[in-house]
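The data block below is input-v1.txt; it holds compact mmCIF, C-alpha atoms.
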# COMPACT_ATOMS: atom_id res chain seq x y z
CA MET A 668 111.11 80.06 -3.03
CA ILE A 669 111.28 82.61 -0.24
CA VAL A 670 110.52 81.59 3.35
CA SER A 671 110.47 83.84 6.40
CA ASN A 672 109.50 83.97 10.04
CA HIS A 673 106.35 85.98 10.77
CA GLN A 674 105.96 88.30 13.78
CA SER A 675 103.60 91.09 12.72
CA GLN A 676 101.43 92.51 9.97
CA LEU A 677 104.32 94.91 9.47
CA ASP A 678 106.40 92.03 8.08
CA ILE A 679 104.66 92.47 4.74
CA LEU A 680 105.68 96.12 4.49
CA VAL A 681 109.19 95.28 5.64
CA ALA A 682 109.55 92.57 2.99
CA PHE A 683 108.62 95.02 0.24
CA ARG A 684 111.89 96.81 1.09
CA LEU A 685 113.70 93.91 -0.62
CA PHE A 686 112.85 95.48 -3.97
CA PHE A 687 112.68 92.29 -5.97
CA PRO A 688 109.54 90.76 -7.45
CA PHE A 689 107.64 88.02 -5.67
CA LYS A 690 104.11 86.81 -5.14
CA TRP A 691 102.72 86.46 -1.62
CA VAL A 692 100.83 83.43 -0.42
CA SER A 693 98.18 84.83 1.88
CA LYS A 694 95.08 83.66 3.67
CA ALA A 695 91.88 84.24 1.70
CA GLU A 696 90.40 86.64 4.27
CA VAL A 697 93.03 89.29 3.48
CA PHE A 698 91.84 89.45 -0.13
CA LYS A 699 88.47 90.76 1.16
CA LEU A 700 89.97 93.85 2.81
CA PRO A 701 89.24 97.15 1.05
CA PHE A 702 92.24 98.58 -0.81
CA ILE A 703 94.73 95.97 0.48
CA GLY A 704 92.75 93.03 -0.87
CA TRP A 705 92.01 94.79 -4.13
CA ASN A 706 95.72 95.46 -4.57
CA MET A 707 96.48 91.81 -3.85
CA ILE A 708 93.99 90.67 -6.50
CA LEU A 709 95.38 93.10 -9.08
CA ASN A 710 98.94 91.92 -8.38
CA ARG A 711 97.87 88.28 -8.72
CA TYR A 712 99.02 87.29 -5.25
CA ILE A 713 98.19 83.76 -4.25
CA LYS A 714 95.15 83.00 -2.11
CA LEU A 715 94.89 80.17 0.41
CA LYS A 716 91.80 79.14 2.32
CA ARG A 717 93.14 77.39 5.41
CA GLY A 718 91.97 73.83 5.97
CA ASP A 719 90.44 73.55 2.49
CA LYS A 720 92.09 70.77 0.47
CA ASN A 721 90.92 72.17 -2.89
CA SER A 722 92.28 75.60 -1.97
CA VAL A 723 95.66 74.09 -1.05
CA GLU A 724 95.80 72.32 -4.43
CA GLN A 725 94.87 75.56 -6.23
CA MET A 726 97.47 77.50 -4.21
CA MET A 727 100.18 74.99 -5.17
CA ALA A 728 99.19 75.25 -8.85
CA ASP A 729 99.16 79.07 -8.66
CA CYS A 730 102.61 79.05 -7.02
CA LYS A 731 103.97 76.74 -9.71
CA ASN A 732 102.60 79.01 -12.44
CA ALA A 733 104.07 82.12 -10.80
CA ILE A 734 107.48 80.45 -10.59
CA LEU A 735 107.28 79.29 -14.20
CA ARG A 736 106.54 82.92 -15.17
CA GLY A 737 109.79 83.96 -13.45
CA SER A 738 108.48 85.22 -10.12
CA SER A 739 109.57 84.07 -6.69
CA VAL A 740 106.89 83.03 -4.20
CA TYR A 741 107.02 84.31 -0.60
CA PHE A 742 105.74 82.05 2.19
CA PHE A 743 105.42 82.55 5.92
CA PRO A 744 105.60 78.80 6.65
CA GLU A 745 104.54 79.27 10.28
CA GLY A 746 101.09 79.91 8.80
CA THR A 747 100.36 82.73 11.25
CA ARG A 748 102.12 85.43 13.22
CA SER A 749 103.95 84.56 16.42
CA TYR A 750 102.82 86.29 19.63
CA THR A 751 106.21 85.91 21.26
CA GLY A 752 108.63 86.01 18.34
CA ILE A 753 109.56 82.37 18.99
CA VAL A 754 109.35 80.65 15.60
CA LYS A 755 106.49 78.15 15.37
CA GLU A 756 106.66 74.85 13.52
CA PHE A 757 106.75 75.26 9.75
CA LYS A 758 104.11 73.91 7.41
CA THR A 759 105.59 71.99 4.48
CA GLY A 760 103.87 73.59 1.44
CA ALA A 761 106.78 75.80 0.35
CA PHE A 762 109.21 72.93 0.75
CA ILE A 763 107.07 70.46 -1.19
CA LEU A 764 107.06 72.97 -4.03
CA ALA A 765 110.83 73.57 -3.81
CA HIS A 766 111.41 69.82 -4.08
CA LYS A 767 108.96 69.30 -6.95
CA MET A 768 110.29 72.24 -8.95
CA LYS A 769 113.95 71.67 -7.97
CA ILE A 770 114.42 75.31 -7.01
CA PRO A 771 116.53 76.94 -4.28
CA ILE A 772 115.12 78.29 -1.04
CA LEU A 773 115.87 81.84 0.10
CA PRO A 774 115.49 82.16 3.89
CA ILE A 775 114.70 85.61 5.28
CA VAL A 776 114.62 86.71 8.91
CA ILE A 777 112.58 89.62 10.25
CA ASN A 778 113.37 90.94 13.73
CA GLY A 779 111.76 93.69 15.80
CA SER A 780 108.31 93.88 14.24
CA LYS A 781 106.29 91.97 16.87
CA ASN A 782 106.52 94.74 19.46
CA ALA A 783 105.89 97.53 16.96
CA LEU A 784 102.54 96.08 15.88
CA PRO A 785 101.62 93.08 18.05
CA LYS A 786 99.34 90.32 16.80
CA HIS A 787 95.62 91.24 17.02
CA SER A 788 96.44 94.93 17.46
CA LEU A 789 96.07 97.89 15.17
CA ASN A 790 97.97 100.19 17.54
CA PHE A 791 101.57 100.98 16.76
CA HIS A 792 103.62 100.78 19.93
CA GLY A 793 106.31 103.46 19.82
CA LYS A 794 109.59 103.52 17.96
CA HIS A 795 111.22 100.18 17.14
CA HIS A 796 114.25 99.00 15.24
CA ILE A 797 112.97 96.52 12.63
CA ARG A 798 115.51 94.55 10.60
CA ILE A 799 115.24 92.23 7.64
CA GLU A 800 118.10 89.86 6.92
CA VAL A 801 118.42 87.90 3.70
CA LEU A 802 120.34 84.73 4.48
CA ASN A 803 122.36 82.71 2.00
CA GLU A 804 120.27 80.83 -0.52
CA ILE A 805 119.89 77.10 0.12
CA PRO A 806 120.71 75.53 -3.26
CA TYR A 807 118.47 72.71 -4.44
CA GLU A 808 121.48 70.37 -4.55
CA SER A 809 121.95 70.73 -0.78
CA PHE A 810 118.47 69.38 -0.01
CA ALA A 811 117.74 67.20 -3.06
CA GLY A 812 118.52 64.05 -1.07
CA LEU A 813 116.52 65.14 1.98
CA SER A 814 112.86 64.49 2.66
CA VAL A 815 110.42 67.41 2.59
CA GLU A 816 110.26 67.28 6.40
CA GLU A 817 114.07 67.34 6.72
CA THR A 818 114.24 70.28 4.30
CA THR A 819 111.56 72.09 6.29
CA GLN A 820 113.53 71.60 9.52
CA LYS A 821 116.80 72.65 7.85
CA ALA A 822 115.28 75.98 6.77
CA ARG A 823 113.55 76.50 10.12
CA LYS A 824 116.76 75.91 12.10
CA LEU A 825 118.64 78.31 9.86
CA ILE A 826 116.03 81.04 10.41
CA ILE A 827 115.82 80.37 14.16
CA ALA A 828 119.58 80.91 14.49
CA HIS A 829 119.02 84.55 13.43
CA VAL A 830 115.80 85.39 15.31
CA ASP A 831 116.44 87.62 18.32
CA GLU A 832 113.96 85.83 20.63
CA HIS A 833 115.74 82.51 20.10
CA ARG A 834 119.17 84.00 20.75
CA THR A 835 118.04 85.48 24.07
CA ALA A 836 115.92 82.44 25.08
CA GLY A 837 118.63 79.87 24.76

File written out as C-alpha cells:
Amino acid sequence: MIVSNHQSQLDILVAFRLFFPFKWVSKAEVFKLPFIGWNMILNRYIKLKRGDKNSVEQMMADCKNAILRGSSVYFFPEGTRSYTGIVKEFKTGAFILAHKMKIPILPIVINGSKNALPKHSLNFHGKHHIRIEVLNEIPYESFAGLSVEETTQKARKLIIAHVDEHRTAG
C-alpha cells in the first residue's frame, strides 16, 4: 500500500519516476480524459466515483484484486490536491485495506510540485525543484494493534514531518 501527499497534477508524473509497478486509485472523471483516461483504462488503474457507496465498495475490491495479483496500490489519501501544500486530513480507505490484507504501508512525500503546476491551473509556472522521497515502510506488525484511524494518523504525521510547508509553518 503506497500513500502520498498530493500537491499538483504533476505528482502523478513524479511518482512514475519510482520505476516500480503500482495501480493508481483515481477519481472517475480522469478516466474520461482523452489519451490519459484511455491509458488508465488499458493499465487497469482503479476508478473511484466520490461519494458513491457502490463505487467505494468496487474500488476496495479492485484494490484487493490488484494486490493479490502482486501489484502495489497508490493512494493520495487527502482525496484531492492541496492548494497550499499543507497536508489535509487523510481518508481511511487505504488504511482499511492495509489492515484487512495485513500488508505494509509505504509512505511517500512529494515536495515542490504545487508551485510548478498549481491546483486548477494548466499553466506551468517557471522552473521548480520537485523532489520525491520514499520513506521507510511501515510494517504491518507496527500498526496491527492500532485502529484504522490511529494508523491513518500515524502515516499522516510521518508524511507531514517531511513536507516542506509543514517544516516552515511550524

When you look at range 675-682 of chain A with a cut-off of 9 Å (counting only C-alpha atoms), what residues show up, excluding the ones that are within fewer than 6 positions of it in the same chain? I need them as a short mmCIF file (atom, residue, chain, number, x, y, z; two decimals) with C-alpha atoms, keeping the file's coordinate frame.
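New file part.cif:
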data_model
loop_
_atom_site.label_atom_id
_atom_site.label_comp_id
_atom_site.auth_asym_id
_atom_site.auth_seq_id
_atom_site.Cartn_x
_atom_site.Cartn_y
_atom_site.Cartn_z
CA TRP A 691 102.72 86.46 -1.62
CA ARG A 748 102.12 85.43 13.22
CA SER A 749 103.95 84.56 16.42
CA TYR A 750 102.82 86.29 19.63
CA ILE A 775 114.70 85.61 5.28
CA ILE A 777 112.58 89.62 10.25
CA SER A 780 108.31 93.88 14.24
CA LYS A 781 106.29 91.97 16.87
CA ASN A 782 106.52 94.74 19.46
CA ALA A 783 105.89 97.53 16.96
CA LEU A 784 102.54 96.08 15.88
CA PRO A 785 101.62 93.08 18.05
CA LYS A 786 99.34 90.32 16.80
CA ILE A 797 112.97 96.52 12.63
CA ARG A 798 115.51 94.55 10.60
CA ILE A 799 115.24 92.23 7.64
#

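Among the candidate residues A:Leu825, A:Ala811, A:Ile770, A:Val723, the one lying nearest to Lys758 in chain A is A:Val723, with distances computed using all atoms listed in the file.
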
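The gap separating CA of Gln674 in chain A from CA of Glu696 in chain A is 18.3 Å, in Å to one decimal.
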
- [ ] Mind giving me the straight-line distance from CA of Leu764 in chain A to CA of Cys730 in chain A in Å, one decimal?
- [x] 8.1 Å

TODO: Point out the residue among A:Thr751, A:Thr818, A:Glu724, A:Val692 with the least atom-to-atom distance to Glu832 in chain A, counting all atoms listed in the file.
DONE: A:Thr751

TODO: Kindly indicate which residue among A:Asn803, A:Ala822, A:Gly812, A:Pro771 lies nearest to Ile734 in chain A, using only C-alpha atoms for the distances.
DONE: A:Pro771

With 5 Å added on each side, what axis-aligned box encloses every listed atom of range 771-782 of chain A? Give the centre and edge lengths in Å to one decimal, as JSON.
{"center_x": 111.4, "center_y": 85.8, "center_z": 7.6, "size_x": 20.2, "size_y": 27.8, "size_z": 33.7}

Task: Distance query Phe689 in chain A at most 7 Å, only C-alpha atoms, self and fewer than 2 positions along chain excluded, as a PyMOL selection string - done: chain A and resi 687+691+738-741
